[in-house]
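Below is my_file_25.pdb, which holds PDB, C-alpha atoms and all ligand atoms.
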ATOM      1  CA  MET A 150       0.000   0.000   0.000
ATOM      2  CA  THR A 151       0.931   3.633  -0.170
ATOM      3  CA  ILE A 152       0.163   5.681   2.925
ATOM      4  CA  GLN A 153      -2.571   8.189   1.997
ATOM      5  CA  SER A 154      -3.509   9.698   5.341
ATOM      6  CA  VAL A 155      -2.607  10.198   8.970
ATOM      7  CA  SER A 156      -4.979   7.370   9.890
ATOM      8  CA  ASP A 157      -3.289   5.002   7.414
ATOM      9  CA  LEU A 158       0.013   5.691   9.112
ATOM     10  CA  ALA A 159      -1.442   5.310  12.599
ATOM     11  CA  GLY A 160      -3.163   2.043  11.643
ATOM     12  CA  LEU A 161      -0.029   0.566  10.133
ATOM     13  CA  GLN A 162       2.065   1.649  13.096
ATOM     14  CA  ARG A 163      -0.326  -0.006  15.544
ATOM     15  CA  ALA A 164      -0.069  -3.269  13.610
ATOM     16  CA  GLY A 165       3.702  -2.868  13.396
ATOM     17  CA  ARG A 166       4.169  -2.251  17.118
ATOM     18  CA  LEU A 167       2.123  -5.343  17.894
ATOM     19  CA  VAL A 168       4.246  -7.442  15.529
ATOM     20  CA  ALA A 169       7.375  -6.203  17.336
ATOM     21  CA  ARG A 170       5.928  -7.002  20.763
ATOM     22  CA  THR A 171       4.765 -10.441  19.612
ATOM     23  CA  LEU A 172       8.224 -11.269  18.273
ATOM     24  CA  ALA A 173       9.737 -10.131  21.584
ATOM     25  CA  GLU A 174       7.415 -12.491  23.495
ATOM     26  CA  MET A 175       8.388 -15.394  21.279
ATOM     27  CA  ARG A 176      12.102 -14.759  21.315
ATOM     28  CA  GLY A 177      12.069 -14.460  25.102
ATOM     29  CA  ALA A 178      10.711 -18.008  25.270
ATOM     30  CA  VAL A 179      13.267 -19.620  22.932
ATOM     31  CA  ARG A 180      15.336 -22.185  24.863
ATOM     32  CA  PRO A 181      16.437 -25.797  24.465
ATOM     33  CA  GLY A 182      13.474 -28.137  25.016
ATOM     34  CA  ILE A 183      10.647 -25.867  23.864
ATOM     35  CA  THR A 184       8.600 -26.915  20.835
ATOM     36  CA  THR A 185       7.909 -24.633  17.886
ATOM     37  CA  ALA A 186       4.182 -25.189  18.545
ATOM     38  CA  ALA A 187       4.622 -23.754  22.055
ATOM     39  CA  LEU A 188       6.310 -20.658  20.609
ATOM     40  CA  ASP A 189       3.489 -20.264  18.094
ATOM     41  CA  ASP A 190       0.973 -20.577  20.901
ATOM     42  CA  ILE A 191       2.648 -17.779  22.846
ATOM     43  CA  ALA A 192       2.355 -15.550  19.781
ATOM     44  CA  ALA A 193      -1.259 -16.480  19.065
ATOM     45  CA  ARG A 194      -2.439 -15.839  22.634
ATOM     46  CA  PHE A 195      -0.547 -12.576  22.903
ATOM     47  CA  ALA A 196      -1.590 -11.110  19.542
ATOM     48  CA  ARG A 197      -5.221 -12.289  19.700
ATOM     49  CA  ALA A 198      -5.608 -10.678  23.126
ATOM     50  CA  GLU A 199      -4.789  -7.384  21.393
ATOM     51  CA  GLY A 200      -7.395  -7.985  18.685
ATOM     52  CA  ALA A 201      -5.030  -9.117  15.921
ATOM     53  CA  ARG A 202      -5.296 -12.033  13.520
ATOM     54  CA  SER A 203      -2.684 -14.101  11.717
ATOM     55  CA  ALA A 204      -2.336 -12.729   8.184
ATOM     56  CA  PRO A 205      -0.919 -16.037   6.786
ATOM     57  CA  GLN A 206      -3.980 -17.850   8.182
ATOM     58  CA  LEU A 207      -6.368 -15.235   6.761
ATOM     59  CA  ALA A 208      -4.799 -15.038   3.322
ATOM     60  CA  TYR A 209      -3.538 -18.568   2.679
ATOM     61  CA  ASP A 210      -5.011 -20.847   5.355
ATOM     62  CA  PHE A 211      -1.469 -21.316   6.641
ATOM     63  CA  PRO A 212      -1.496 -24.086   9.298
ATOM     64  CA  GLY A 213       0.074 -21.968  12.047
ATOM     65  CA  PHE A 214      -0.348 -18.527  13.589
ATOM     66  CA  THR A 215       3.258 -17.621  12.777
ATOM     67  CA  CYS A 216       5.957 -19.152  10.583
ATOM     68  CA  ILE A 217       8.835 -20.842  12.427
ATOM     69  CA  SER A 218      11.717 -22.228  10.370
ATOM     70  CA  VAL A 219      14.669 -24.118  11.872
ATOM     71  CA  ASN A 220      18.225 -24.546  10.487
ATOM     72  CA  ASP A 221      17.988 -25.505   6.784
ATOM     73  CA  GLU A 222      14.370 -24.349   6.692
ATOM     74  CA  ILE A 223      14.504 -20.829   5.250
ATOM     75  CA  VAL A 224      10.906 -19.585   5.558
ATOM     76  CA  HIS A 225       7.262 -20.677   5.894
ATOM     77  CA  GLY A 226       8.018 -23.419   8.423
ATOM     78  CA  ILE A 227       4.925 -24.814  10.153
ATOM     79  CA  PRO A 228       5.011 -24.721  13.984
ATOM     80  CA  GLY A 229       4.640 -28.212  15.436
ATOM     81  CA  PRO A 230       6.042 -30.845  17.804
ATOM     82  CA  ARG A 231       9.667 -30.193  16.836
ATOM     83  CA  VAL A 232      11.752 -29.642  19.973
ATOM     84  CA  LEU A 233      14.418 -26.934  19.780
ATOM     85  CA  ARG A 234      17.971 -27.957  20.658
ATOM     86  CA  GLY A 235      21.128 -26.034  21.504
ATOM     87  CA  GLY A 236      22.757 -24.710  18.338
ATOM     88  CA  ASP A 237      19.517 -24.427  16.338
ATOM     89  CA  VAL A 238      19.094 -21.406  14.057
ATOM     90  CA  VAL A 239      15.448 -20.371  14.430
ATOM     91  CA  LYS A 240      13.635 -17.925  12.157
ATOM     92  CA  LEU A 241      10.525 -16.403  13.761
ATOM     93  CA  ASP A 242       8.270 -14.651  11.215
ATOM     94  CA  VAL A 243       5.150 -12.799  12.392
ATOM     95  CA  THR A 244       2.583 -11.175  10.100
ATOM     96  CA  LEU A 245      -0.438  -9.640  11.827
ATOM     97  CA  GLU A 246      -3.660  -8.037  10.683
ATOM     98  CA  LEU A 247      -4.949  -5.401  13.080
ATOM     99  CA  HIS A 248      -8.020  -3.289  12.175
ATOM    100  CA  GLY A 249      -7.406  -3.841   8.446
ATOM    101  CA  TYR A 250      -3.677  -3.082   8.441
ATOM    102  CA  ILE A 251      -0.961  -5.710   7.976
ATOM    103  CA  ALA A 252       2.646  -5.626   9.180
ATOM    104  CA  ASP A 253       5.309  -8.296   8.712
ATOM    105  CA  ALA A 254       8.642  -8.870  10.500
ATOM    106  CA  ALA A 255      11.081 -11.692  11.171
ATOM    107  CA  VAL A 256      14.187 -12.317  13.249
ATOM    108  CA  THR A 257      16.754 -15.070  13.502
ATOM    109  CA  VAL A 258      17.236 -16.388  17.033
ATOM    110  CA  LEU A 259      19.957 -18.825  18.140
ATOM    111  CA  VAL A 260      19.267 -21.516  20.714
ATOM    112  CA  PRO A 261      22.155 -21.492  23.226
ATOM    113  CA  PRO A 262      24.845 -22.649  23.051
ATOM    114  CA  ALA A 263      25.163 -21.171  19.558
ATOM    115  CA  GLU A 264      27.974 -21.890  17.142
ATOM    116  CA  ARG A 265      30.161 -19.050  15.977
ATOM    117  CA  SER A 266      29.237 -19.672  12.318
ATOM    118  CA  ALA A 267      25.543 -19.359  13.206
ATOM    119  CA  ARG A 268      26.212 -16.072  14.979
ATOM    120  CA  GLU A 269      27.978 -14.737  11.900
ATOM    121  CA  LEU A 270      25.098 -15.750   9.641
ATOM    122  CA  GLN A 271      22.546 -14.146  11.978
ATOM    123  CA  ARG A 272      24.594 -10.958  12.148
ATOM    124  CA  CYS A 273      24.999 -10.812   8.369
ATOM    125  CA  ALA A 274      21.229 -10.983   7.772
ATOM    126  CA  ARG A 275      20.700  -8.122  10.244
ATOM    127  CA  GLN A 276      23.475  -6.018   8.769
ATOM    128  CA  ALA A 277      22.298  -6.632   5.197
ATOM    129  CA  PHE A 278      18.891  -5.326   6.261
ATOM    130  CA  THR A 279      20.351  -2.269   8.017
ATOM    131  CA  SER A 280      22.678  -1.502   5.194
ATOM    132  CA  ALA A 281      19.898  -1.664   2.571
ATOM    133  CA  LEU A 282      17.732   0.504   4.826
ATOM    134  CA  ARG A 283      20.191   3.342   4.255
ATOM    135  CA  SER A 284      19.475   3.320   0.501
ATOM    136  CA  ALA A 285      15.722   2.833   0.884
ATOM    137  CA  ARG A 286      14.253   6.202  -0.002
ATOM    138  CA  ALA A 287      11.994   7.709  -2.690
ATOM    139  CA  GLY A 288      13.766   7.547  -6.047
ATOM    140  CA  THR A 289      15.873   4.449  -5.316
ATOM    141  CA  THR A 290      15.302   1.667  -7.831
ATOM    142  CA  LEU A 291      14.385  -1.806  -6.602
ATOM    143  CA  ALA A 292      17.514  -3.081  -8.372
ATOM    144  CA  ASP A 293      19.665  -0.642  -6.369
ATOM    145  CA  LEU A 294      17.944  -1.644  -3.124
ATOM    146  CA  GLY A 295      18.564  -5.314  -3.905
ATOM    147  CA  GLY A 296      22.126  -4.460  -4.815
ATOM    148  CA  ALA A 297      22.617  -2.888  -1.390
ATOM    149  CA  VAL A 298      21.495  -6.115   0.304
ATOM    150  CA  GLU A 299      23.664  -8.234  -1.957
ATOM    151  CA  ARG A 300      26.777  -6.094  -1.488
ATOM    152  CA  GLU A 301      26.654  -6.396   2.300
ATOM    153  CA  VAL A 302      26.007 -10.158   2.150
ATOM    154  CA  GLN A 303      28.946 -10.634  -0.225
ATOM    155  CA  ARG A 304      31.175  -8.566   2.068
ATOM    156  CA  HIS A 305      30.539 -11.214   4.755
ATOM    157  CA  GLY A 306      31.327 -14.001   2.285
ATOM    158  CA  PHE A 307      27.745 -15.300   2.360
ATOM    159  CA  THR A 308      25.048 -15.706  -0.300
ATOM    160  CA  VAL A 309      21.630 -14.190  -0.939
ATOM    161  CA  VAL A 310      18.797 -16.657  -1.596
ATOM    162  CA  ARG A 311      17.851 -15.160  -4.950
ATOM    163  CA  GLU A 312      14.645 -17.125  -5.375
ATOM    164  CA  LEU A 313      13.007 -15.388  -2.385
ATOM    165  CA  SER A 314      12.100 -11.703  -2.177
ATOM    166  CA  GLY A 315      10.506  -9.040  -0.043
ATOM    167  CA  HIS A 316       7.212  -7.476  -1.068
ATOM    168  CA  GLY A 317       4.757  -4.641  -0.738
ATOM    169  CA  VAL A 318       2.551  -4.977   2.360
ATOM    170  CA  GLY A 319       0.007  -2.994   4.399
ATOM    171  CA  ARG A 320      -3.506  -4.003   3.341
ATOM    172  CA  ARG A 321      -2.675  -7.494   2.126
ATOM    173  CA  ILE A 322       0.219  -9.705   3.105
ATOM    174  CA  HIS A 323       1.854  -9.827  -0.311
ATOM    175  CA  GLU A 324       1.373  -6.735  -2.460
ATOM    176  CA  SER A 325       3.433  -5.381  -5.315
ATOM    177  CA  PRO A 326       6.225  -4.589  -5.781
ATOM    178  CA  SER A 327       8.438  -7.634  -5.405
ATOM    179  CA  VAL A 328      11.541  -6.487  -3.485
ATOM    180  CA  PRO A 329      14.622  -8.488  -4.569
ATOM    181  CA  ASN A 330      17.619  -9.060  -2.298
ATOM    182  CA  TRP A 331      20.059  -8.859  -5.214
ATOM    183  CA  ARG A 332      20.638  -6.559  -8.176
ATOM    184  CA  ASP A 333      17.918  -8.162 -10.272
ATOM    185  CA  PRO A 334      17.941  -6.492 -13.700
ATOM    186  CA  ALA A 335      14.253  -7.381 -14.096
ATOM    187  CA  ALA A 336      13.369  -5.179 -11.082
ATOM    188  CA  ARG A 337      12.701  -1.933 -12.925
ATOM    189  CA  GLY A 338      10.453  -0.283 -10.315
ATOM    190  CA  VAL A 339      11.327   2.748  -8.201
ATOM    191  CA  LEU A 340      10.534   3.391  -4.531
ATOM    192  CA  THR A 341       7.895   6.107  -4.143
ATOM    193  CA  PRO A 342       6.904   8.294  -1.153
ATOM    194  CA  GLY A 343       4.601   6.513   1.307
ATOM    195  CA  LEU A 344       5.143   3.064  -0.222
ATOM    196  CA  VAL A 345       5.036   0.301   2.405
ATOM    197  CA  ILE A 346       7.347  -2.667   1.860
ATOM    198  CA  ALA A 347       8.680  -5.671   3.737
ATOM    199  CA  LEU A 348      12.463  -5.666   3.293
ATOM    200  CA  GLU A 349      13.705  -9.175   4.123
ATOM    201  CA  PRO A 350      17.137 -10.554   3.298
ATOM    202  CA  MET A 351      17.290 -14.367   3.387
ATOM    203  CA  ILE A 352      20.835 -15.689   3.304
ATOM    204  CA  THR A 353      22.887 -18.884   3.389
ATOM    205  CA  PRO A 354      26.621 -19.598   3.738
ATOM    206  CA  ARG A 355      26.935 -20.940   0.178
ATOM    207  CA  PRO A 356      24.817 -20.731  -2.994
ATOM    208  CA  THR A 357      21.950 -23.221  -3.020
ATOM    209  CA  ARG A 358      18.610 -23.842  -4.626
ATOM    210  CA  VAL A 359      15.398 -23.702  -2.648
ATOM    211  CA  THR A 360      13.223 -26.783  -2.298
ATOM    212  CA  GLU A 361       9.682 -27.121  -0.992
ATOM    213  CA  SER A 362       9.120 -29.703   1.726
ATOM    214  CA  ARG A 363       6.508 -32.430   1.491
ATOM    215  CA  ASP A 364       4.323 -30.429   3.885
ATOM    216  CA  GLY A 365       3.635 -28.085   0.957
ATOM    217  CA  TRP A 366       4.792 -24.969   2.843
ATOM    218  CA  THR A 367       8.302 -25.127   4.254
ATOM    219  CA  LEU A 368      11.026 -23.809   1.958
ATOM    220  CA  ARG A 369      14.466 -25.211   2.695
ATOM    221  CA  THR A 370      18.014 -25.094   1.349
ATOM    222  CA  GLN A 371      18.704 -27.914  -1.064
ATOM    223  CA  ASN A 372      22.260 -28.373   0.276
ATOM    224  CA  GLY A 373      21.093 -28.610   3.889
ATOM    225  CA  ALA A 374      22.974 -25.468   4.971
ATOM    226  CA  PRO A 375      21.393 -23.227   7.621
ATOM    227  CA  ALA A 376      19.664 -20.001   6.600
ATOM    228  CA  ALA A 377      19.155 -16.643   8.327
ATOM    229  CA  HIS A 378      16.350 -14.115   7.781
ATOM    230  CA  HIS A 379      15.785 -10.564   8.977
ATOM    231  CA  GLU A 380      12.652  -8.611   8.082
ATOM    232  CA  HIS A 381      10.891  -5.363   8.892
ATOM    233  CA  THR A 382       7.972  -3.453   7.432
ATOM    234  CA  ILE A 383       9.099   0.021   6.385
ATOM    235  CA  VAL A 384       7.488   3.172   4.980
ATOM    236  CA  ILE A 385       9.437   4.916   2.210
ATOM    237  CA  GLY A 386       9.988   8.670   2.485
ATOM    238  CA  ALA A 387      12.240  11.408   1.153
ATOM    239  CA  GLY A 388      14.814  10.612   3.852
ATOM    240  CA  ALA A 389      15.325   7.664   6.176
ATOM    241  CA  PRO A 390      12.419   5.174   6.070
ATOM    242  CA  LEU A 391      10.095   4.664   8.998
ATOM    243  CA  VAL A 392      10.518   1.157  10.431
ATOM    244  CA  VAL A 393       7.075   0.295  11.794
ATOM    245  CA  THR A 394       7.931  -3.138  13.237
ATOM    246  CA  MET A 395      10.875  -2.072  15.392
TER     247      MET A 395
HETATM  248  N1  LIG A 401       5.727 -13.660   6.586
HETATM  249  C1  LIG A 401       5.986 -14.244   5.297
HETATM  250  C2  LIG A 401       6.713 -13.236   4.464
HETATM  251  O1  LIG A 401       7.601 -12.600   4.972
HETATM  252  C3  LIG A 401       4.711 -14.684   4.617
HETATM  253  C4  LIG A 401       4.137 -15.897   5.201
HETATM  254  S1  LIG A 401       2.685 -16.307   4.419
HETATM  255  C5  LIG A 401       2.715 -17.993   4.342
HETATM  256  O2  LIG A 401       6.471 -12.999   3.310
HETATM  257  F1  LIG A 401       1.490 -18.361   4.239
HETATM  258  F2  LIG A 401       3.427 -18.366   3.316
HETATM  259  F3  LIG A 401       3.256 -18.472   5.411
HETATM  260 CO    CO A 402       7.469 -12.314   7.078
HETATM  261 CO    CO A 403       7.496 -10.714   4.283
END
Write out the structure in this file as structure tokens.
Amino acid sequence: MTIQSVSDLAGLQRAGRLVARTLAEMRGAVRPGITTAALDDIAARFARAEGARSAPQLAYDFPGFTCISVNDEIVHGIPGPRVLRGGDVVKLDVTLELHGYIADAAVTVLVPPAERSARELQRCARQAFTSALRSARAGTTLADLGGAVEREVQRHGFTVVRELSGHGVGRRIHESPSVPNWRDPAARGVLTPGLVIALEPMITPRPTRVTESRDGWTLRTQNGAPAAHHEHTIVIGAGAPLVVTM
């Protein structure tokens, strides 16, 4: 969506703040021995008590309130009986609908004790996001924004998952434009004032294809390598973007 009014901005910010608080609740509960279903339950109780609904459930009948992806699972993992163990790389992805507005954010959390390589991957995803944020303003092309993500990921010696992108968001979960995490020459669009997008680098240590699991949802690395993900919903402006899910 493109923000058209003060109430649009207020509505999106309310949804965004709730996404941030929900992610904080979940991440505070991550420890060895907890199941991904228990984490999802924490999110569902917390967000529903505030009047929100799961956007993946609303839009796609996704079989969870949130998406939780572990290790080689990149995104769209289904919460379930899987028990988290020390060293796991856990991607928590929360997309909420609140009073008609939708915000989307994800973080990578490490189950202690974490390996150094996992910490580096987690840090790279965060820094690729932050670094691209600095070029996200009205007038920037989507190819340049993707290039900013890619440059930072390459600097760390890691790889962008090219098959997966960010997206417009705000009134529906996946709106146009598609927001690539690499300098995709096909991405000819330009960021415009008030545009709301989910900027979300997904990265792996080495290049790999993406495969869909038999559950029909989970996307994983074909080579079995772990993935990291960092996502926020942002509003484009003339200067620094507004991060509504922080
Ligand atoms: N939150 C995911 C994203 O960042 C979307 C999940 S929708 C699902 O785009 F149904 F695929 F899970
Ligand atoms: Co998301
Ligand atoms: Co998203």
Kindly compile the residues surrounding ligand CO 402 (chain A) within 8 Å, counting only C-alpha atoms and all ligand atoms, and format them as a PDB file with C-alpha atoms, keeping the file's coordinate frame.
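Full text of out.pdb as output:
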ATOM      1  CA  CYS A 216       5.957 -19.152  10.583  1.00  0.00           C
ATOM      2  CA  ASP A 242       8.270 -14.651  11.215  1.00  0.00           C
ATOM      3  CA  VAL A 243       5.150 -12.799  12.392  1.00  0.00           C
ATOM      4  CA  THR A 244       2.583 -11.175  10.100  1.00  0.00           C
ATOM      5  CA  ASP A 253       5.309  -8.296   8.712  1.00  0.00           C
ATOM      6  CA  ALA A 254       8.642  -8.870  10.500  1.00  0.00           C
ATOM      7  CA  ALA A 255      11.081 -11.692  11.171  1.00  0.00           C
ATOM      8  CA  ALA A 347       8.680  -5.671   3.737  1.00  0.00           C
ATOM      9  CA  GLU A 349      13.705  -9.175   4.123  1.00  0.00           C
ATOM     10  CA  GLU A 380      12.652  -8.611   8.082  1.00  0.00           C
ATOM     11  CA  HIS A 381      10.891  -5.363   8.892  1.00  0.00           C
TER      12      HIS A 381
END
* To do: Could you check which of A:Arg332, A:Arg166, A:His305, A:Arg355 is closest to Ile251 (chain A), using all atoms listed in the file?
  =>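 That would be A:Arg166, the residue with the smallest distance to Ile251 (chain A).
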* **Straight-line distance linking CA of Arg337 (chain A) with CA of Thr382 (chain A), stated in Å to one decimal** =>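 If I compute the distance from CA of Arg337 (chain A) to CA of Thr382 (chain A), I get 21.0 Å.
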* Selection result of the PyMOL selection byres (((not hetatm)) within 12 of (chain A and resi 403)) on this file, as a VMD selection string -> chain A and resid 204 to 205 215 to 216 224 to 225 241 to 245 251 to 256 313 to 319 321 to 329 345 to 351 378 to 383 394
* Using all atoms listed in the file: which of A:Thr360, A:Ser280, A:Ser218, A:Ser154 has the shortest distance to ligand LIG 401 (chain A) ->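 Smallest separation from ligand LIG 401 (chain A) among the options: A:Ser218.
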* Could you jot down the CA of Gln162 (chain A) to CA of Tyr250 (chain A) separation for me, Å, one decimal place? => 8.8 Å
* **region 171-187 of chain A surroundings by all atoms listed in the file, 7 Å radius, close-in-sequence under 6 positions cut, as a list in words** => Phe195, Ala196, Ile217, Pro228, Gly229, Pro230, Arg231, Val232, Leu233, Arg234, Gly235, Val243, Val258 and Val260 of chain A
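Across the model, the gap from CA of Met395 (chain A) to CA of Leu259 (chain A) is 19.3 Å.
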* Asked: Looking at A:Ala274, A:Leu282, A:Leu207, A:Val393, which one is nearest to ligand LIG 401 (chain A), with distances taken over all atoms listed in the file?
  ->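 Ranking A:Ala274, A:Leu282, A:Leu207, A:Val393 by distance to ligand LIG 401 (chain A), first place goes to A:Leu207.
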* **A:Ile152, A:Ile223, A:Val310, A:Ala336 ranked by distance to Trp366 (chain A), top pick (using only C-alpha atoms)** =>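 Among the listed residues, A:Ile223 lies closest to Trp366 (chain A).
Remark: for ligand LIG 401 (chain A), the closest of the candidate residues A:Arg300, A:Arg311, A:Arg170, A:Lys240 is A:Lys240 (distances computed over all atoms listed in the file).
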* To do: Just the residues within 12 Å of Ala374 (chain A), please, counting only C-alpha atoms, with nothing from its chain fewer than 4 positions along; format it as a PyMOL selection string.
  => chain A and resi 219-223+237-238+266-267+270+307-308+310+352-359+369-370
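Nearest residue to ligand LIG 401 (chain A), choosing from A:Asn372, A:Ser284, A:Thr367, A:Gln153 and counting all atoms listed in the file: A:Thr367.
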* Selection near Gly343 (chain A), 12 Å with only C-alpha atoms, sequence-local residues under 3 positions removed, as a ChimeraX atom specification -> /A:150-155,157-158,161,285-288,317-319,340,346,383-391
Specify the axis-aligned box that encloses all atoms of ligand LIG 401 (chain A) listed in the file after padding of 8 Å on each side, stating its centre and edge lengths in Å to one decimal as JSON.
{"center_x": 4.5, "center_y": -15.5, "center_z": 4.9, "size_x": 22.1, "size_y": 21.9, "size_z": 19.3}
